Each structure stands twice: as structure tokens, then as C-alpha cells.
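Have a look at target30.cif below; it lists mmCIF, C-alpha atoms.
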data_target
#
loop_
_atom_site.label_atom_id
_atom_site.label_comp_id
_atom_site.auth_asym_id
_atom_site.auth_seq_id
_atom_site.Cartn_x
_atom_site.Cartn_y
_atom_site.Cartn_z
CA MET A 1 11.16 8.73 17.68
CA PRO A 2 11.06 10.20 14.14
CA ARG A 3 11.25 7.50 11.42
CA PHE A 4 12.63 8.05 7.93
CA TYR A 5 12.94 5.94 4.80
CA CYS A 6 16.55 5.91 3.62
CA PRO A 7 16.97 3.85 0.41
CA GLN A 8 20.65 2.98 0.73
CA ALA A 9 22.89 0.46 2.44
CA LEU A 10 22.73 0.89 6.22
CA VAL A 11 25.52 -0.57 8.37
CA ILE A 12 26.16 -0.20 12.08
CA GLY A 13 28.95 2.33 12.65
CA ALA A 14 28.59 3.99 9.28
CA VAL A 15 27.91 7.70 8.88
CA VAL A 16 25.35 8.19 6.10
CA THR A 17 24.19 11.26 4.24
CA LEU A 18 20.43 11.34 4.45
CA PRO A 19 18.25 11.93 1.37
CA GLU A 20 17.56 15.59 0.64
CA HIS A 21 13.86 15.40 1.53
CA VAL A 22 14.71 13.70 4.83
CA ALA A 23 17.28 16.40 5.61
CA HIS A 24 14.65 19.05 4.88
CA HIS A 25 12.13 17.32 7.17
CA ILE A 26 14.70 17.08 9.97
CA GLN A 27 15.29 20.82 9.73
CA VAL A 28 11.56 21.56 9.63
CA ILE A 29 10.94 19.66 12.88
CA ARG A 30 14.05 21.29 14.37
CA LEU A 31 16.11 18.21 15.18
CA SER A 32 19.75 18.88 15.99
CA VAL A 33 23.11 17.14 16.38
CA GLY A 34 22.88 14.30 18.88
CA ASP A 35 19.17 13.69 18.44
CA THR A 36 18.09 10.10 17.83
CA ILE A 37 16.16 8.99 14.75
CA THR A 38 15.04 5.68 13.23
CA LEU A 39 15.99 4.74 9.67
CA PHE A 40 14.80 1.90 7.43
CA ASN A 41 15.67 1.02 3.85
CA GLY A 42 12.79 -1.30 2.96
CA GLU A 43 14.86 -4.47 3.23
CA GLY A 44 13.60 -5.39 6.70
CA GLY A 45 14.32 -4.24 10.21
CA GLU A 46 15.18 -0.72 11.32
CA TYR A 47 18.22 1.20 12.51
CA THR A 48 18.66 3.60 15.38
CA ALA A 49 20.93 6.49 14.45
CA THR A 50 22.09 9.77 15.92
CA ILE A 51 22.37 12.97 13.90
CA SER A 52 26.03 13.86 13.31
CA THR A 53 25.82 17.09 11.32
CA VAL A 54 23.09 19.49 10.28
CA GLU A 55 23.94 21.84 7.43
CA LYS A 56 21.75 23.96 5.18
CA LYS A 57 21.00 21.21 2.66
CA ARG A 58 22.85 18.27 4.15
CA VAL A 59 22.31 16.11 7.21
CA THR A 60 24.38 13.10 8.25
CA ALA A 61 23.67 10.46 10.86
CA GLU A 62 25.70 7.70 12.51
CA ILE A 63 24.03 4.30 12.66
CA LYS A 64 24.18 2.81 16.14
CA ILE A 65 21.82 -0.17 16.47
CA PHE A 66 19.93 -2.59 14.23
CA GLU A 67 16.58 -3.98 15.35
CA PRO A 68 15.08 -6.88 13.32
CA ARG A 69 11.59 -5.50 13.92
CA GLU A 70 8.80 -6.47 11.53
CA VAL A 71 5.10 -5.61 11.55
CA GLU A 72 4.13 -7.22 8.24
CA LEU A 73 1.04 -9.38 7.88
CA PRO A 74 1.70 -13.14 7.76
CA TYR A 75 -0.09 -13.26 4.40
CA ALA A 76 0.10 -10.99 1.36
CA ILE A 77 -2.94 -8.90 0.43
CA THR A 78 -2.98 -7.25 -2.97
CA LEU A 79 -5.49 -4.42 -3.35
CA ALA A 80 -6.51 -4.30 -7.02
CA GLN A 81 -8.28 -0.95 -7.06
CA ALA A 82 -10.10 0.45 -10.09
CA LEU A 83 -9.06 4.09 -10.47
CA PRO A 84 -11.46 6.39 -8.59
CA GLU A 85 -12.20 10.05 -9.13
CA ALA A 86 -10.13 13.01 -7.91
CA SER A 87 -7.72 12.36 -5.04
CA LYS A 88 -9.48 9.29 -3.62
CA MET A 89 -6.62 7.03 -4.73
CA ASP A 90 -4.22 8.99 -2.54
CA TRP A 91 -6.36 8.24 0.51
CA ILE A 92 -6.86 4.59 -0.47
CA ILE A 93 -3.12 3.98 -0.86
CA GLU A 94 -2.27 5.72 2.39
CA LYS A 95 -4.76 3.69 4.41
CA ALA A 96 -3.92 0.45 2.60
CA VAL A 97 -0.29 0.86 3.68
CA GLU A 98 -1.39 1.50 7.26
CA LEU A 99 -3.50 -1.67 7.22
CA GLY A 100 -0.58 -3.79 6.01
CA VAL A 101 -1.42 -4.33 2.35
CA HIS A 102 1.47 -6.00 0.52
CA ALA A 103 0.76 -4.58 -2.94
CA VAL A 104 -1.52 -2.08 -4.68
CA GLN A 105 -2.55 -2.68 -8.29
CA PRO A 106 -4.33 0.29 -9.94
CA LEU A 107 -6.81 -0.89 -12.57
CA ALA A 108 -8.42 0.88 -15.53
CA SER A 109 -11.92 -0.57 -15.84
CA GLN A 110 -14.77 0.40 -18.14
CA ARG A 111 -16.59 2.72 -15.73
CA CYS A 112 -13.49 4.53 -14.50
CA VAL A 113 -13.85 8.26 -15.01
CA VAL A 114 -10.10 8.79 -14.66
CA ARG A 115 -8.02 7.95 -17.74
CA LEU A 116 -4.25 8.19 -17.39
CA SER A 117 -1.98 8.98 -20.32
CA ALA A 118 1.54 7.54 -20.17
CA GLU A 119 2.95 10.88 -19.00
CA ARG A 120 0.26 11.39 -16.40
CA ALA A 121 0.59 7.80 -15.18
CA THR A 122 4.31 8.35 -14.59
CA LYS A 123 3.62 11.47 -12.52
CA LYS A 124 0.89 9.68 -10.58
CA MET A 125 3.18 6.75 -9.80
CA GLN A 126 5.83 9.11 -8.42
CA HIS A 127 3.19 10.87 -6.32
CA TRP A 128 1.72 7.59 -5.03
CA GLN A 129 5.17 6.22 -4.21
CA GLY A 130 5.71 9.27 -2.01
CA ILE A 131 2.46 8.45 -0.21
CA VAL A 132 3.61 4.85 0.30
CA ILE A 133 6.86 6.04 1.87
CA ALA A 134 5.19 8.61 4.14
CA ALA A 135 2.56 6.10 5.31
CA SER A 136 5.28 3.50 6.00
CA GLU A 137 7.24 6.01 8.07
CA GLN A 138 4.11 6.91 10.05
CA SER A 139 2.77 3.39 10.58
CA GLY A 140 6.01 1.70 11.61
CA ARG A 141 6.36 -0.57 8.59
CA ASN A 142 9.92 -1.39 7.57
CA ARG A 143 9.03 -2.80 4.15
CA LEU A 144 7.36 -0.75 1.42
CA THR A 145 4.06 -1.75 -0.14
CA THR A 146 4.66 -2.68 -3.77
CA LEU A 147 3.00 -0.23 -6.15
CA ALA A 148 2.32 -1.78 -9.56
CA GLU A 149 1.94 0.15 -12.79
CA PRO A 150 -1.71 0.83 -13.74
CA ALA A 151 -3.10 -2.08 -15.75
CA ASP A 152 -6.08 -2.65 -18.02
CA PHE A 153 -8.72 -4.61 -16.12
CA ASN A 154 -9.38 -7.15 -18.87
CA GLN A 155 -5.70 -7.96 -19.26
CA TRP A 156 -5.04 -8.17 -15.53
CA ALA A 157 -8.16 -10.27 -14.80
CA THR A 158 -7.09 -12.96 -17.26
CA GLN A 159 -3.59 -13.38 -15.82
CA GLN A 160 -2.99 -16.51 -13.80
CA ASP A 161 -1.14 -16.55 -10.49
CA LEU A 162 -1.18 -18.46 -7.21
CA HIS A 163 -3.19 -15.90 -5.25
CA VAL A 164 -6.89 -16.32 -4.63
CA ARG A 165 -8.65 -13.47 -6.42
CA ILE A 166 -11.75 -12.06 -4.74
CA MET A 167 -14.10 -9.72 -6.56
CA LEU A 168 -16.29 -7.73 -4.19
CA SER A 169 -19.75 -7.22 -5.64
CA PRO A 170 -23.24 -6.38 -4.32
CA ARG A 171 -24.46 -9.27 -6.50
CA ALA A 172 -22.56 -11.84 -4.47
CA GLU A 173 -24.42 -14.00 -1.97
CA GLN A 174 -21.59 -15.05 0.35
CA PRO A 175 -20.01 -12.40 2.61
CA LEU A 176 -16.23 -12.01 2.63
CA SER A 177 -16.10 -12.48 6.41
CA ASP A 178 -17.98 -15.79 6.15
CA TRP A 179 -15.56 -17.04 3.49
CA ALA A 180 -12.57 -15.99 5.60
CA ARG A 181 -13.87 -17.85 8.66
CA HIS A 182 -13.92 -21.09 6.66
CA HIS A 183 -10.49 -20.68 5.05
CA PRO A 184 -7.01 -20.41 6.59
CA PRO A 185 -5.02 -17.17 6.30
CA GLN A 186 -3.56 -16.97 2.81
CA SER A 187 -2.43 -14.57 0.12
CA VAL A 188 -5.36 -12.92 -1.67
CA ALA A 189 -6.05 -10.21 -4.23
CA LEU A 190 -9.09 -8.02 -3.57
CA MET A 191 -10.70 -6.58 -6.70
CA ILE A 192 -12.51 -3.27 -6.10
CA GLY A 193 -14.62 -1.52 -8.73
CA PRO A 194 -14.80 2.23 -9.46
CA GLU A 195 -17.65 4.52 -8.42
CA GLY A 196 -20.10 2.83 -10.81
CA GLY A 197 -18.85 -0.65 -10.01
CA PHE A 198 -17.55 -3.29 -12.41
CA THR A 199 -19.77 -4.04 -15.41
CA ASP A 200 -21.53 -7.40 -15.68
CA LYS A 201 -19.11 -8.26 -18.50
CA GLU A 202 -16.10 -7.52 -16.29
CA GLU A 203 -17.51 -9.52 -13.41
CA ASN A 204 -18.23 -12.47 -15.67
CA LEU A 205 -14.73 -12.28 -17.15
CA ALA A 206 -13.13 -12.33 -13.71
CA ILE A 207 -15.28 -15.26 -12.57
CA ALA A 208 -14.50 -17.18 -15.75
CA ASN A 209 -10.82 -16.77 -14.89
CA GLY A 210 -11.18 -18.13 -11.37
CA ALA A 211 -12.15 -15.13 -9.26
CA LEU A 212 -14.50 -15.62 -6.30
CA MET A 213 -17.44 -13.21 -6.07
CA LEU A 214 -18.04 -12.17 -2.47
CA SER A 215 -19.89 -9.33 -0.79
CA MET A 216 -19.28 -6.87 2.02
CA GLY A 217 -22.80 -7.35 3.38
CA PRO A 218 -26.19 -5.78 2.64
CA ARG A 219 -24.94 -2.20 2.31
CA VAL A 220 -23.32 -0.81 -0.83
CA LEU A 221 -19.97 0.76 0.07
CA ARG A 222 -18.17 3.52 -1.78
CA THR A 223 -15.11 2.51 -3.75
CA GLU A 224 -12.81 4.26 -1.26
CA THR A 225 -14.46 2.36 1.61
CA ALA A 226 -14.94 -1.12 0.17
CA GLY A 227 -11.34 -2.23 -0.25
CA LEU A 228 -10.13 -0.89 3.06
CA SER A 229 -13.11 -2.45 4.86
CA ALA A 230 -12.32 -5.77 3.20
CA VAL A 231 -8.68 -5.63 4.31
CA ALA A 232 -9.73 -4.81 7.86
CA ALA A 233 -12.29 -7.64 7.83
CA LEU A 234 -9.73 -10.20 6.69
CA ASN A 235 -7.24 -9.03 9.30
CA ALA A 236 -9.89 -9.23 12.03
CA VAL A 237 -11.07 -12.72 11.08
CA TRP A 238 -7.54 -14.04 10.57
CA GLY A 239 -6.28 -12.47 13.78
CA ALA A 240 -3.78 -9.98 12.38
CA MET A 241 -5.31 -6.63 13.36
#

I need this file expressed as C-alpha cells, please.
Amino acid sequence: MPRFYCPQALVIGAVVTLPEHVAHHIQVIRLSVGDTITLFNGEGGEYTATISTVEKKRVTAEIKIFEPREVELPYAITLAQALPEASKMDWIIEKAVELGVHAVQPLASQRCVVRLSAERATKKMQHWQGIVIAASEQSGRNRLTTLAEPADFNQWATQQDLHVRIMLSPRAEQPLSDWARHHPPQSVALMIGPEGGFTDKEENLAIANGALMLSMGPRVLRTETAGLSAVAALNAVWGAM
């Protein structure tokens, strides 16, 4: 059944006007009056609805059933990803949503090739938010991954919160999977460097502020592989795949 994100109040029995991009998609895939679709608004659960009207730029649907369905992980993973080159961030965000990541924090570290001006950062955030929505629709998630504004690595690394912060580094001696086997499922933030990795200064700063340095094993993974592999490893060890 087609699933669509509809950021508005959804109530059983109500007839809602669907967002313009959803209406366009419905027309592209040739749905018609009476067809059944699934809607979610990011607040939890999903709604079964039937299409009431299909006009040139407007589609309405009547909400029939609410299902309190959730597929979220029982712990919150934040993926703190240093900005990679080209369109790699698009792919990372899409797959992170599919794997159940709770939040994505883009980071500007010293070796990042990409530098975002305020205007460009705003456009990127809008683009990435669209990827979050599309990946949520596809993967069956009814809550959207939180997408934080890009932050300077040094400032973010020195902030204090309740999450365990894990910096993945080839220099680390203990594997992430080994650490996970000896700790209960819990909220964590995974810190992933850019193509050239974090600098020694950045690693030392993070460790000085409480981060754990762990590895992904003997092989050096690309930045677009490391974080997603780490999320999958945690989910496998903690039984949430």
C-alpha cells in the first residue's frame, strides 16, 4: 500500500487535502478515487485512508483507520557525520533512516572538503529533509529522523549530554561490536570522520570530553560505509535488526 507523509492533524472520519507533492505523486502512480493509501504525520502510528477526489492539483482522502504501529529502535542512535564530498551525504542520510537512526548531526571538521555557507546550508537542509521523508515513507517508519543543523566539530564535541559518544577510529584497539556485547542497549552518538578522517587534535579533543574511541575492525572503511556499518553492527548485537 502506498505510504505518504502528511504533516497535519489526522483524525478518523476526516477528509484531508493532501500536500501538493503527495497529490502529484498519487497522480504519477495513477491512483484513483476509492484506492487505499497509508498516511502518517510523524507523531506515531499510521492511518489508512481512501482517496475521495482527484483533481489536477488537488487530492483529498478520507481517513478510515488508525493503527498504532511503530518500528522504531528501542534506543536512540545519533549519527554525527562529518560532511563528505559530493552527494555522499544524501546516500548516508537515506540509509541511516532505513536502519532506524534517531537523529543525524552533520559536522564540519578540519579535513572536510565541503564547506557550507549559510545560504547553501539552508538549501542542503531542505534537500536532506526531503530525503528523510522519502526514506521514511519507503521503510515503514512513522516517525521522522531528526535532522540537526550542521555544526562545527570542535563546538559539538565539547557539548555535554547524557548519550554515550563513540568516535570510530582506525587507531582504536577495541572493536565497536566487542564493546556492544559487554554493554546493554542504550542511546549512543556515533562520530564519523570525513574522507581523510578526524585529525589527531580532533580525536584528542573528543576523548578529553568523554568520547570512547572504538574501531570497526582491521579494515579502513570509507566515510559513507563506516557509520552505516556501525549502526548495523549495534542493531545486530543488541537484537534490533

Problem set entry | For region 154-159 of chain A: contacts at 8 Å, only C-alpha atoms, fewer than 4 positions along chain excluded, given as a PyMOL selection string | chain A and resi 109+202+205-206+209

Problem set entry | Spatial neighbours of region 81-95 of chain A, max dist 9 Å, only C-alpha atoms, sep filter under 2 positions, as a VMD selection string | chain A and resid 79 97 to 101 104 to 109 111 to 115 127 to 128 131 to 132 134 to 136 150 153 190 to 195 197 to 198 223 to 225 227 to 228

Exercise. Which one of A:Ile166, A:Trp238, A:Ala211, A:Val220 sits closest to Arg181 (chain A) if you count only C-alpha atoms?
Worked result: A:Trp238

If the box runs along x, y and z of the file and leaves 5 Å on each side of region 133-141 of chain A, what are its centre and edge lengths in Å, one decimal, as JSON?
{"center_x": 4.9, "center_y": 4.0, "center_z": 6.7, "size_x": 14.7, "size_y": 19.2, "size_z": 19.7}

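Coordinates place CA of Arg58 (chain A) at a distance of 13.8 Å from CA of Arg30 (chain A).
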
For this session: Counting all atoms listed in the file, figure out which residue out of A:Leu168, A:Leu144, A:Met216, A:Leu176 gets nearest to Gly45 (chain A).
Result: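 Among the listed residues, A:Leu144 lies closest to Gly45 (chain A).
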
For this session: Might you spell out which residues the PyMOL selection byres ((chain A and resi 25-28) around 12) would select in the displayed file, as a ChimeraX atom specification?
Result: /A:1-5,18-24,29-33,35-38,50-51,53-61,134

Exercise. Out of A:Asn41, A:Ser187, A:Thr48, A:Ser229, which residue has the shortest atom-to-atom distance to Gly13 (chain A) when counting only C-alpha atoms?
Worked result: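 Closest residue, counting only C-alpha atoms: A:Thr48.
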
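The closest residue to Pro184 (chain A), picked from A:Tyr75, A:Gln138, A:Arg222, A:Leu212 and counting all atoms listed in the file, is A:Tyr75.
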
For this session: Please measure the separation of CA of Gly210 (chain A) and CA of Ala233 (chain A), giving the value in Å to one decimal.
Result: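 The value is 21.9 Å.
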
Seminar exercise, completed: The residue from A:Gln160, A:Gln186, A:Asn204, A:Thr17 with the smallest atom-to-atom distance to Ala76 (chain A), counting only C-alpha atoms, is A:Gln186

Problem set entry | Radius query 8 Å about (-15.3, -9.5, 4.8), atoms used: only C-alpha atoms, as a list in words | Pro175, Leu176, Ser177, Asp178, Trp179, Ala180, Ser215, Met216, Gly217, Ser229, Ala230, Val231, Ala232, Ala233 and Leu234 of chain A

Exercise. Need the neighbours of (9.1, -2.4, 11.4): which residues are at most 9 Å away, counting only C-alpha atoms, as a ChimeraX atom specification?
Worked result: /A:40,44-46,67-72,136,139-143

Resulting file, chosen residues, C-alpha atoms, as a PDB file, keeping the file's coordinate frame:
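Output file out24.pdb follows:
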ATOM      1  CA  PHE A  40      14.800   1.900   7.430  1.00  0.00           C
ATOM      2  CA  GLY A  44      13.600  -5.390   6.700  1.00  0.00           C
ATOM      3  CA  GLY A  45      14.320  -4.240  10.210  1.00  0.00           C
ATOM      4  CA  GLU A  46      15.180  -0.720  11.320  1.00  0.00           C
ATOM      5  CA  GLU A  67      16.580  -3.980  15.350  1.00  0.00           C
ATOM      6  CA  PRO A  68      15.080  -6.880  13.320  1.00  0.00           C
ATOM      7  CA  ARG A  69      11.590  -5.500  13.920  1.00  0.00           C
ATOM      8  CA  GLU A  70       8.800  -6.470  11.530  1.00  0.00           C
ATOM      9  CA  VAL A  71       5.100  -5.610  11.550  1.00  0.00           C
ATOM     10  CA  GLU A  72       4.130  -7.220   8.240  1.00  0.00           C
ATOM     11  CA  SER A 136       5.280   3.500   6.000  1.00  0.00           C
ATOM     12  CA  SER A 139       2.770   3.390  10.580  1.00  0.00           C
ATOM     13  CA  GLY A 140       6.010   1.700  11.610  1.00  0.00           C
ATOM     14  CA  ARG A 141       6.360  -0.570   8.590  1.00  0.00           C
ATOM     15  CA  ASN A 142       9.920  -1.390   7.570  1.00  0.00           C
ATOM     16  CA  ARG A 143       9.030  -2.800   4.150  1.00  0.00           C
TER      17      ARG A 143
END

Problem set entry | Atomic separation - CA of Thr199 (chain A) relative to CA of Leu162 (chain A), Å |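 Interatomic distance here is 24.9 Å.
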
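Taking only C-alpha atoms into account, Ala96 (chain A) lies nearest to A:Ala226 out of the set A:Leu221, A:His183, A:Ala226, A:Glu203.
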
Exercise. Contacts of Ala240 (chain A) at 8 Å or less, counting only C-alpha atoms, minus same-chain residues fewer than 4 places along, as number ranges by chain?
Worked result: A: 73-74, 235-236

Exercise. Counting all atoms listed in the file, what is within 9 Å of Ala14 (chain A), bar same-chain residues fewer than 5 positions away, as a ChimeraX atom specification?
Worked result: /A:61-64
